[in-house]
file entry04.cif (mmCIF, C-alpha atoms)
data_start
#
loop_
_atom_site.label_atom_id
_atom_site.label_comp_id
_atom_site.auth_asym_id
_atom_site.auth_seq_id
_atom_site.Cartn_x
_atom_site.Cartn_y
_atom_site.Cartn_z
CA MET X 1 34.46 50.16 5.60
CA PRO X 2 34.55 46.88 3.66
CA THR X 3 36.35 47.03 0.36
CA THR X 4 34.09 46.69 -2.66
CA HIS X 5 35.22 44.82 -5.74
CA ASP X 6 34.11 44.54 -9.33
CA TRP X 7 33.91 40.78 -9.35
CA ILE X 8 34.63 38.63 -12.39
CA THR X 9 33.17 35.11 -12.27
CA THR X 10 35.24 32.41 -13.96
CA PRO X 11 33.89 28.92 -14.72
CA ILE X 12 35.77 26.24 -12.78
CA THR X 13 37.18 23.82 -15.34
CA ARG X 14 39.73 21.01 -15.33
CA ASP X 15 42.53 23.31 -16.51
CA LEU X 16 42.21 25.39 -13.33
CA LEU X 17 42.73 22.36 -11.05
CA ARG X 18 45.72 20.21 -10.24
CA GLY X 19 45.68 16.87 -8.43
CA ALA X 20 42.18 15.83 -9.58
CA LEU X 21 41.69 12.98 -12.06
CA ASP X 22 38.06 13.77 -12.88
CA LEU X 23 35.58 16.61 -12.51
CA GLU X 24 31.91 15.71 -12.08
CA ARG X 25 29.26 18.29 -12.93
CA THR X 26 26.69 18.51 -10.13
CA GLU X 27 23.48 20.38 -9.37
CA HIS X 28 25.50 23.13 -7.66
CA GLY X 29 28.79 23.21 -9.57
CA VAL X 30 31.58 20.69 -9.99
CA LEU X 31 32.98 17.98 -7.72
CA PRO X 32 36.67 17.00 -8.01
CA HIS X 33 37.36 13.28 -7.89
CA ARG X 34 40.65 11.48 -7.29
CA LEU X 35 39.50 8.33 -9.06
CA PRO X 36 38.14 8.42 -12.63
CA ALA X 37 34.53 7.56 -13.41
CA ARG X 38 35.36 4.06 -14.67
CA ALA X 39 37.06 3.18 -11.39
CA ARG X 40 34.22 4.66 -9.34
CA ALA X 41 31.71 2.58 -11.31
CA GLN X 42 33.50 -0.60 -10.18
CA ASN X 43 33.23 0.29 -6.49
CA THR X 44 30.29 -0.27 -4.15
CA ASP X 45 32.02 0.67 -0.87
CA GLY X 46 30.83 3.85 0.81
CA GLN X 47 34.13 4.42 2.58
CA LEU X 48 36.08 4.53 -0.68
CA ALA X 49 33.42 6.70 -2.33
CA MET X 50 33.81 9.19 0.50
CA ALA X 51 37.61 9.03 0.54
CA GLU X 52 38.18 9.55 -3.19
CA SER X 53 35.82 12.54 -3.22
CA GLN X 54 37.79 14.21 -0.43
CA PRO X 55 40.24 16.36 -2.40
CA SER X 56 43.56 15.58 -0.71
CA GLY X 57 46.25 17.25 -2.82
CA VAL X 58 43.72 18.94 -5.13
CA ARG X 59 44.31 22.64 -5.63
CA LEU X 60 42.96 25.52 -7.68
CA ALA X 61 45.93 26.96 -9.61
CA VAL X 62 45.56 30.30 -11.44
CA ARG X 63 47.69 33.18 -12.68
CA THR X 64 46.17 36.59 -12.10
CA ARG X 65 46.64 40.22 -11.05
CA ALA X 66 43.70 39.92 -8.64
CA THR X 67 44.05 41.23 -5.10
CA ALA X 68 40.87 39.51 -3.87
CA LEU X 69 39.43 36.05 -4.46
CA GLU X 70 36.19 34.41 -3.42
CA LEU X 71 35.37 30.72 -3.77
CA ASP X 72 31.85 29.45 -3.14
CA THR X 73 31.83 25.81 -2.06
CA LEU X 74 29.43 23.20 -0.73
CA PRO X 75 31.37 21.11 1.79
CA THR X 76 30.24 17.86 3.38
CA LYS X 77 30.93 17.91 7.12
CA ARG X 78 31.35 14.62 8.96
CA VAL X 79 29.82 14.05 12.38
CA TYR X 80 30.67 10.86 14.29
CA VAL X 81 28.05 9.99 16.88
CA GLY X 82 29.46 10.15 20.41
CA THR X 83 32.66 12.00 19.51
CA PRO X 84 33.53 15.71 19.78
CA PRO X 85 32.62 17.89 16.77
CA ARG X 86 35.20 17.91 14.00
CA PRO X 87 36.68 21.27 12.96
CA ASP X 88 35.77 22.72 9.60
CA GLY X 89 38.00 21.71 6.72
CA VAL X 90 40.99 23.96 6.04
CA TYR X 91 41.89 25.70 2.78
CA ASP X 92 45.52 26.76 2.30
CA LEU X 93 46.46 29.75 0.13
CA LEU X 94 49.83 29.85 -1.63
CA VAL X 95 51.06 32.87 -3.58
CA ASP X 96 54.02 32.19 -5.85
CA GLY X 97 54.58 28.97 -3.93
CA ARG X 98 54.67 30.56 -0.48
CA PRO X 99 52.04 30.22 2.27
CA ALA X 100 49.87 33.34 2.28
CA GLY X 101 46.67 32.51 4.15
CA ARG X 102 44.31 29.91 5.51
CA GLY X 103 40.55 29.72 5.82
CA SER X 104 37.47 27.53 6.22
CA VAL X 105 33.90 27.38 4.97
CA ALA X 106 31.05 26.90 7.42
CA GLY X 107 27.73 25.29 6.59
CA GLY X 108 27.34 22.65 3.93
CA ARG X 109 25.90 19.18 4.08
CA THR X 110 26.21 17.06 7.22
CA LEU X 111 27.14 13.39 7.02
CA THR X 112 26.33 11.74 10.36
CA ILE X 113 28.15 8.44 10.92
CA ASP X 114 27.24 6.05 13.72
CA MET X 115 30.15 3.61 13.93
CA ALA X 116 28.44 1.49 16.58
CA ALA X 117 25.32 1.00 14.46
CA GLY X 118 27.13 0.99 11.12
CA THR X 119 24.84 3.65 9.68
CA ALA X 120 25.28 6.98 7.89
CA ALA X 121 22.83 9.73 6.94
CA VAL X 122 23.22 12.96 4.96
CA GLU X 123 21.38 16.21 5.67
CA PRO X 124 21.38 19.12 3.20
CA GLY X 125 23.01 22.44 4.01
CA PRO X 126 23.91 25.80 2.45
CA VAL X 127 26.74 26.87 0.18
CA GLY X 128 29.46 28.92 1.93
CA THR X 129 32.11 31.37 0.79
CA LEU X 130 35.87 31.41 1.26
CA ARG X 131 37.47 34.85 0.82
CA PHE X 132 41.06 36.00 0.57
CA ASP X 133 41.65 39.76 0.47
CA GLY X 134 44.77 41.90 0.32
CA LEU X 135 46.66 39.73 -2.14
CA PRO X 136 49.91 41.21 -3.51
CA GLU X 137 49.73 43.56 -6.47
CA GLY X 138 50.95 42.42 -9.86
CA THR X 139 50.84 39.15 -11.72
CA LYS X 140 51.24 36.09 -9.52
CA ASP X 141 50.47 32.40 -9.33
CA ILE X 142 47.83 31.53 -6.76
CA GLU X 143 47.03 28.09 -5.42
CA VAL X 144 44.08 27.32 -3.16
CA TRP X 145 44.52 23.83 -1.71
CA LEU X 146 41.15 22.30 -0.93
CA PRO X 147 40.46 20.58 2.43
CA HIS X 148 42.17 17.21 2.33
CA ASP X 149 39.51 15.46 4.41
CA GLU X 150 36.28 17.23 3.47
CA THR X 151 34.32 16.50 0.28
CA THR X 152 34.06 19.87 -1.47
CA GLU X 153 31.84 20.85 -4.37
CA LEU X 154 33.13 23.94 -6.15
CA VAL X 155 30.26 26.33 -6.94
CA ALA X 156 31.76 29.64 -8.12
CA LEU X 157 35.10 31.44 -8.44
CA ARG X 158 35.18 35.23 -8.28
CA THR X 159 38.17 37.56 -8.54
CA ASP X 160 38.67 41.30 -9.04
CA ALA X 161 40.85 40.70 -12.12
CA PRO X 162 40.82 38.06 -14.87
CA VAL X 163 42.39 34.67 -14.19
CA GLU X 164 43.99 32.07 -16.42
CA PRO X 165 45.37 28.63 -15.65
CA SER X 166 48.79 28.72 -14.03
CA PRO X 167 51.42 27.62 -16.54
CA ASP X 168 53.00 24.20 -16.26
CA PRO X 169 55.77 24.62 -13.67
CA GLY X 170 57.90 22.02 -15.43
CA ARG X 171 58.36 19.93 -12.31
CA ARG X 172 58.25 16.14 -12.22
CA ILE X 173 54.87 14.61 -11.39
CA TRP X 174 54.87 12.37 -8.32
CA LEU X 175 51.94 9.95 -8.18
CA HIS X 176 51.45 8.46 -4.71
CA HIS X 177 48.99 5.87 -3.41
CA GLY X 178 48.43 4.89 0.20
CA SER X 179 46.01 4.68 3.11
CA SER X 180 44.43 7.32 5.36
CA ILE X 181 47.90 8.30 6.57
CA SER X 182 48.84 9.25 3.01
CA HIS X 183 45.40 10.79 2.59
CA GLY X 184 46.29 13.10 5.48
CA SER X 185 44.37 11.87 8.52
CA GLY X 186 45.55 13.91 11.51
CA ALA X 187 47.32 16.58 9.45
CA ALA X 188 46.66 20.23 10.25
CA SER X 189 45.91 21.35 6.69
CA PRO X 190 46.11 20.20 3.07
CA THR X 191 49.66 21.47 2.47
CA THR X 192 50.90 19.82 5.66
CA THR X 193 49.94 16.21 4.96
CA TRP X 194 53.17 14.25 4.79
CA PRO X 195 52.98 13.71 0.99
CA ALA X 196 52.32 17.43 0.38
CA LEU X 197 55.27 18.39 2.59
CA ALA X 198 57.54 15.85 0.91
CA ALA X 199 56.48 17.08 -2.53
CA SER X 200 57.25 20.67 -1.59
CA LEU X 201 60.68 19.74 -0.24
CA GLY X 202 61.35 17.52 -3.25
CA GLY X 203 60.31 20.13 -5.78
CA VAL X 204 57.71 17.93 -7.49
CA GLU X 205 54.03 18.16 -8.42
CA LEU X 206 51.91 15.86 -6.24
CA VAL X 207 48.99 13.72 -7.37
CA ASN X 208 47.80 12.13 -4.13
CA LEU X 209 45.85 8.89 -4.35
CA GLY X 210 46.01 8.31 -0.62
CA LEU X 211 42.55 6.84 0.03
CA GLY X 212 41.47 6.61 3.65
CA GLY X 213 40.66 3.01 4.58
CA SER X 214 40.99 1.95 0.95
CA ALA X 215 44.58 1.01 0.09
CA LEU X 216 43.45 -2.56 -0.55
CA LEU X 217 45.23 -3.48 -3.79
CA ASP X 218 42.04 -2.94 -5.78
CA PRO X 219 42.55 -3.65 -9.49
CA PHE X 220 40.74 -0.44 -10.51
CA THR X 221 43.20 1.56 -8.41
CA ALA X 222 46.11 -0.19 -10.12
CA ARG X 223 44.62 0.66 -13.51
CA THR X 224 44.20 4.28 -12.43
CA LEU X 225 47.88 4.43 -11.48
CA ARG X 226 48.76 2.75 -14.77
CA ASP X 227 46.84 5.30 -16.82
CA THR X 228 47.82 8.48 -14.97
CA PRO X 229 50.82 10.42 -16.33
CA ALA X 230 53.67 10.36 -13.81
CA ASP X 231 57.44 10.73 -13.60
CA LEU X 232 57.65 9.11 -10.16
CA ILE X 233 55.35 6.60 -8.46
CA SER X 234 55.16 5.38 -4.88
CA LEU X 235 52.88 2.88 -3.14
CA LYS X 236 52.44 2.68 0.61
CA ILE X 237 50.91 -0.74 1.19
CA GLY X 238 49.87 -2.71 4.24
CA ILE X 239 47.98 -1.11 7.08
CA ASN X 240 44.53 -1.30 5.45
CA VAL X 241 45.08 -4.89 4.37
CA VAL X 242 45.71 -5.75 8.03
CA ASN X 243 43.25 -3.51 9.83
CA GLN X 244 40.39 -4.56 7.55
CA ASP X 245 41.47 -8.22 7.52
CA VAL X 246 40.67 -8.54 3.82
CA MET X 247 43.10 -11.28 2.78
CA ARG X 248 45.59 -13.88 3.92
CA LEU X 249 49.24 -14.21 2.94
CA ARG X 250 48.30 -16.66 0.16
CA ALA X 251 46.22 -13.92 -1.53
CA PHE X 252 48.41 -10.96 -0.56
CA THR X 253 51.55 -12.02 -2.43
CA PRO X 254 49.95 -12.50 -5.88
CA ALA X 255 47.80 -9.40 -5.32
CA VAL X 256 50.94 -7.28 -4.84
CA HIS X 257 52.55 -8.82 -7.92
CA GLY X 258 49.41 -8.17 -9.94
CA PHE X 259 49.19 -4.58 -8.71
CA LEU X 260 52.80 -3.93 -9.73
CA ASP X 261 52.35 -5.74 -13.06
CA THR X 262 49.40 -3.50 -13.93
CA ILE X 263 51.27 -0.31 -13.09
CA ARG X 264 54.24 -1.45 -15.17
CA GLU X 265 51.97 -1.86 -18.21
CA GLY X 266 51.70 1.94 -18.35
CA HIS X 267 54.96 2.93 -16.67
CA PRO X 268 57.55 0.29 -17.63
CA THR X 269 60.64 2.27 -16.54
CA THR X 270 59.24 4.93 -14.19
CA PRO X 271 60.92 4.92 -10.76
CA LEU X 272 58.51 2.92 -8.60
CA LEU X 273 58.93 2.90 -4.83
CA VAL X 274 57.15 0.39 -2.58
CA VAL X 275 56.86 1.64 1.01
CA SER X 276 55.90 -0.74 3.79
CA PRO X 277 53.80 0.35 6.81
CA ILE X 278 55.00 2.74 9.47
CA LEU X 279 55.10 1.46 13.04
CA CYS X 280 51.64 0.76 14.47
CA PRO X 281 52.01 -1.19 17.73
CA ILE X 282 48.48 -2.56 17.88
CA HIS X 283 49.02 -4.45 14.61
CA GLU X 284 52.73 -5.23 14.63
CA ASP X 285 52.09 -8.82 15.75
CA THR X 286 48.30 -8.92 16.06
CA PRO X 287 46.11 -9.43 12.98
CA GLY X 288 43.03 -7.37 12.25
CA PRO X 289 40.44 -6.33 11.97
CA SER X 290 40.80 -3.21 14.05
CA ALA X 291 37.73 -1.77 15.72
CA PRO X 292 36.79 1.44 17.54
CA ASP X 293 37.15 1.29 21.31
CA PHE X 294 33.78 2.71 22.31
CA THR X 295 34.68 2.71 26.01
CA ARG X 296 36.64 5.94 25.43
CA LEU X 297 33.83 7.84 23.72
CA ALA X 298 32.47 9.07 27.05
CA GLU X 299 35.82 10.84 27.49
CA GLY X 300 35.49 12.39 24.04
CA ARG X 301 38.30 10.20 22.73
CA LEU X 302 38.28 7.73 19.87
CA ARG X 303 40.85 4.95 19.85
CA PHE X 304 41.22 1.75 17.90
CA ARG X 305 42.19 -1.73 19.02
CA ALA X 306 43.24 -4.89 17.22
CA THR X 307 40.70 -7.69 17.53
CA GLY X 308 42.61 -10.56 15.90
CA ASP X 309 44.44 -13.38 17.61
CA PRO X 310 48.26 -13.47 17.23
CA ALA X 311 48.07 -17.27 17.05
CA GLU X 312 46.20 -16.95 13.74
CA ARG X 313 49.40 -15.88 11.99
CA ALA X 314 50.12 -19.58 11.60
CA SER X 315 47.08 -19.90 9.34
CA GLY X 316 48.15 -16.98 7.15
CA LYS X 317 46.52 -14.00 8.83
CA LEU X 318 48.50 -10.84 8.21
CA THR X 319 50.31 -8.56 10.62
CA LEU X 320 52.52 -5.59 9.86
CA HIS X 321 55.67 -7.63 10.55
CA VAL X 322 54.53 -10.26 8.05
CA ILE X 323 53.66 -7.67 5.42
CA ARG X 324 56.97 -5.81 5.76
CA ASP X 325 58.94 -9.01 5.32
CA GLU X 326 56.86 -10.06 2.31
CA LEU X 327 57.06 -6.67 0.59
CA ALA X 328 60.83 -6.61 1.01
CA ARG X 329 61.05 -10.10 -0.47
CA ILE X 330 58.76 -9.30 -3.40
CA VAL X 331 60.67 -6.14 -4.31
CA ALA X 332 64.04 -7.88 -4.05
CA GLN X 333 62.77 -10.68 -6.32
CA ARG X 334 61.34 -8.32 -8.94
CA ALA X 335 64.23 -5.84 -8.81
CA ALA X 336 66.48 -8.48 -10.37
CA ASP X 337 64.61 -7.77 -13.63
CA ASP X 338 63.34 -4.27 -12.83
CA PRO X 339 66.19 -1.86 -12.02
CA HIS X 340 63.72 1.01 -11.46
CA LEU X 341 61.88 -0.72 -8.59
CA TYR X 342 62.77 0.30 -5.03
CA HIS X 343 61.76 -0.48 -1.45
CA LEU X 344 61.56 1.64 1.71
CA ASP X 345 60.80 0.29 5.17
CA GLY X 346 58.03 2.47 6.59
CA ARG X 347 59.66 2.41 10.02
CA ASP X 348 62.36 4.66 8.56
CA LEU X 349 59.62 7.30 8.36
CA TYR X 350 58.11 6.53 11.78
CA GLY X 351 59.55 3.88 14.06
CA GLU X 352 59.85 2.90 17.70
CA ALA X 353 61.79 5.98 18.81
CA ASP X 354 59.24 8.21 17.08
CA PHE X 355 56.35 6.39 18.73
CA ALA X 356 57.93 6.95 22.14
CA GLU X 357 58.07 10.69 21.43
CA LEU X 358 54.98 11.13 19.25
CA PRO X 359 52.54 8.27 19.91
CA LEU X 360 49.64 7.71 17.52
CA PRO X 361 46.74 9.56 19.24
CA ASP X 362 44.06 7.03 18.28
CA GLY X 363 46.31 4.00 17.90
CA LEU X 364 46.26 4.13 14.08
CA HIS X 365 46.83 7.65 12.75
CA PRO X 366 49.62 10.20 13.22
CA ASP X 367 49.16 13.75 14.44
CA ALA X 368 50.23 16.97 12.71
CA ALA X 369 53.76 16.91 14.15
CA THR X 370 54.25 13.33 12.94
CA HIS X 371 53.04 14.25 9.45
CA ARG X 372 55.73 16.92 9.34
CA ARG X 373 58.39 14.49 10.52
CA MET X 374 57.34 11.86 7.98
CA GLY X 375 57.29 14.36 5.13
CA GLU X 376 60.75 15.67 5.97
CA ARG X 377 62.16 12.16 6.31
CA PHE X 378 60.61 10.95 3.07
CA ALA X 379 62.08 13.93 1.22
CA GLN X 380 65.52 13.29 2.71
CA LEU X 381 65.48 9.53 2.07
CA VAL X 382 63.88 9.53 -1.37
CA PHE X 383 64.61 12.88 -3.06
CA THR X 384 68.26 13.33 -2.01
CA GLY X 385 71.51 11.36 -2.10
CA LYS X 386 71.00 7.89 -3.51
CA GLY X 387 67.25 7.96 -2.99
CA ALA X 388 64.82 6.34 -5.39
CA PHE X 389 63.67 9.66 -6.87
CA THR X 390 67.01 11.42 -7.36
CA GLY X 391 67.57 10.33 -10.97
#
call {"tool": "encode", "arguments": {"input": "entry04.cif", "output": "structure tokens"}}
result
Amino acid sequence: MPTTHDWITTPITRDLLRGALDLERTEHGVLPHRLPARARAQNTDGQLAMAESQPSGVRLAVRTRATALELDTLPTKRVYVGTPPRPDGVYDLLVDGRPAGRGSVAGGRTLTIDMAAGTAAVEPGPVGTLRFDGLPEGTKDIEVWLPHDETTELVALRTDAPVEPSPDPGRRIWLHHGSSISHGSGAASPTTTWPALAASLGGVELVNLGLGGSALLDPFTARTLRDTPADLISLKIGINVVNQDVMRLRAFTPAVHGFLDTIREGHPTTPLLVVSPILCPIHEDTPGPSAPDFTRLAEGRLRFRATGDPAERASGKLTLHVIRDELARIVAQRAADDPHLYHLDGRDLYGEADFAELPLPDGLHPDAATHRRMGERFAQLVFTGKGAFTG
């Protein structure tokens, strides 16, 4: 027979969450955001609005004696016209820092995206419930990592014993910004995105500002990084600038300087690591923009292709080779006066040999195995030996 519980409902407040920079009160509950309200007010792009509301790296963190936990949520499911259905978002359960379960929530809103027509529509749906039973007896720290790629409103938290916020673990805070790869596209679950894996191996607390399709050197993102407490900061810059074809080399160089200048206003001596793009063959020597290859949709496959002309590099159009060279030059120039500024070539995380073994399934994004490899390599290169974050 099902176990019955005397449930205690606890309001979901900021002190129960880690990795979120804002908490918006909604009709149903609360919605974690990874950009603050001021930054969101300066954005009119639907892609960024969707990405920052997807709670990559956001987790519920409580201390309790509870042996059962229920979380009511209202997810937003994405449906791409012409492609196979996406799986439900994954929630990861950690007990005292160790994996202890995994689940999903069905139902919720449906966001239907037609990439060919450039349209999107939302349909309402019901609240669902995530449940973890059989938790260990005694006092413990529980983390529920929210789906990294599924907008998730938090409606209610129930447990069979009182909860309180988990105490500060005393670990360094690592603030990371990047593209959809840092956001976790292609990862199996929220604790297995490459930044989450690297943070676990490095023994740090992650605040993930990986924003799918939106690592575009936006000033409001720089100000968010400037104003967010952090002991370590990293920026993974380049792929979105190329695959959205948003600027030329003339604009890119001062934009990077300005982005770094803004961050340094709030973090003048914090270790700051600039990471260039991982290998992406379609854009190594071919400018953007990239576009979906709709000829594969009939096979249930989505791939991307580069639509620029390599000859346009002469007029300043950007490729990944150009961006890597320029980022290395900028960091070397600035490091003469900034001893806490570092550079990492993204191909050290995923390069030609890796592509031969683990090709990018859609031409742009890594799969789950590649996320694990990138996380392990980042931890080894950055958190150990003479790495940027070993001080």
call {"tool": "residues_around", "arguments": {"input": "entry04.cif", "residues": "Leu327 (chain X)", "least_positions_apart": "2", "cutoff": "10 Å", "atoms": "only C-alpha atoms", "output": "VMD selection string"}}
result
chain X and resid 237 to 238 252 to 253 256 to 257 274 to 277 322 to 325 329 to 333 343 to 345
call {"tool": "residues_near_point", "arguments": {"input": "entry04.cif", "point": "(42.8, 33.8, 1.9)", "cutoff": "6 Å", "atoms": "only C-alpha atoms", "output": "PyMOL selection string"}}
result
chain X and resi 93+101-102+131-132
call {"tool": "closest_atom_pairs", "arguments": {"input": "entry04.cif", "of": "region 249-326 of chain X", "to": "region 365-373 of chain X", "cutoff": "12 Å", "atoms": "only C-alpha atoms", "output": "Markdown table"}}
result
| residue | atom | partner | partner_atom | distance |
| --- | --- | --- | --- | --- |
| X:Pro277 | CA | X:His365 | CA | 11.7 |
| X:Ile278 | CA | X:Pro366 | CA | 9.9 |
| X:Leu279 | CA | X:Pro366 | CA | 10.3 |
| X:Cys280 | CA | X:His365 | CA | 8.6 |
| X:Pro281 | CA | X:His365 | CA | 11.4 |
| X:Ile282 | CA | X:His365 | CA | 11.5 |
| X:Leu302 | CA | X:His365 | CA | 11.1 |
| X:Arg303 | CA | X:His365 | CA | 9.7 |
| X:Phe304 | CA | X:His365 | CA | 9.6 |
call {"tool": "residues_around", "arguments": {"input": "entry04.cif", "residues": "Leu157 (chain X)", "least_positions_apart": "3", "cutoff": "8 Å", "atoms": "all atoms listed in the file", "output": "ChimeraX atom specification"}}
result
/X:9-12,69-72
call {"tool": "write_last_selection", "arguments": {"input": "entry04.cif", "atoms": "C-alpha atoms", "output": "mmCIF file, in the frame of the given file"}}
result
data_model
loop_
_atom_site.group_PDB
_atom_site.id
_atom_site.type_symbol
_atom_site.label_atom_id
_atom_site.label_comp_id
_atom_site.auth_asym_id
_atom_site.auth_seq_id
_atom_site.Cartn_x
_atom_site.Cartn_y
_atom_site.Cartn_z
ATOM 1 C CA THR X 9 33.170 35.110 -12.270
ATOM 2 C CA THR X 10 35.240 32.410 -13.960
ATOM 3 C CA PRO X 11 33.890 28.920 -14.720
ATOM 4 C CA ILE X 12 35.770 26.240 -12.780
ATOM 5 C CA LEU X 69 39.430 36.050 -4.460
ATOM 6 C CA GLU X 70 36.190 34.410 -3.420
ATOM 7 C CA LEU X 71 35.370 30.720 -3.770
ATOM 8 C CA ASP X 72 31.850 29.450 -3.140
#
call {"tool": "residues_around", "arguments": {"input": "entry04.cif", "residues": "Ala379 (chain X)", "least_positions_apart": "5", "cutoff": "8 Å", "atoms": "only C-alpha atoms", "output": "list in words"}}
result
Ala198, Ala199, Leu201, Gly202 and Thr384 of chain X
call {"tool": "write_last_selection", "arguments": {"input": "entry04.cif", "atoms": "C-alpha atoms", "output": "short mmCIF file (atom, residue, chain, number, x, y, z; two decimals), keeping the file's coordinate frame"}}
result
data_model
loop_
_atom_site.label_atom_id
_atom_site.label_comp_id
_atom_site.auth_asym_id
_atom_site.auth_seq_id
_atom_site.Cartn_x
_atom_site.Cartn_y
_atom_site.Cartn_z
CA ALA X 198 57.54 15.85 0.91
CA ALA X 199 56.48 17.08 -2.53
CA LEU X 201 60.68 19.74 -0.24
CA GLY X 202 61.35 17.52 -3.25
CA THR X 384 68.26 13.33 -2.01
#
call {"tool": "closest_residue", "arguments": {"input": "entry04.cif", "among": "X:Pro87, X:Pro147, X:Pro289, X:Gly391", "to": "Asp231 (chain X)", "atoms": "only C-alpha atoms"}}
result
X:Gly391
call {"tool": "atom_distance", "arguments": {"input": "entry04.cif", "atom1": "CA of Leu320 (chain X)", "atom2": "CA of Tyr350 (chain X)"}}
result
13.5 Å
call {"tool": "atom_distance", "arguments": {"input": "entry04.cif", "atom1": "CA of Glu205 (chain X)", "atom2": "CA of Glu164 (chain X)"}}
result
18.9 Å
call {"tool": "residues_near_point", "arguments": {"input": "entry04.cif", "point": "(37.5, 7.9, 7.3)", "cutoff": "7 Å", "atoms": "all atoms listed in the file", "output": "compact mmCIF listing (two decimals) with C-alpha atoms, in the coordinates of the input"}}
result
# COMPACT_ATOMS: atom_id res chain seq x y z
CA GLN X 47 34.13 4.42 2.58
CA ALA X 51 37.61 9.03 0.54
CA GLY X 212 41.47 6.61 3.65
CA GLY X 213 40.66 3.01 4.58
call {"tool": "closest_residue", "arguments": {"input": "entry04.cif", "among": "X:His321, X:Arg65, X:His283, X:Arg264", "to": "Ala306 (chain X)", "atoms": "only C-alpha atoms"}}
result
X:His283
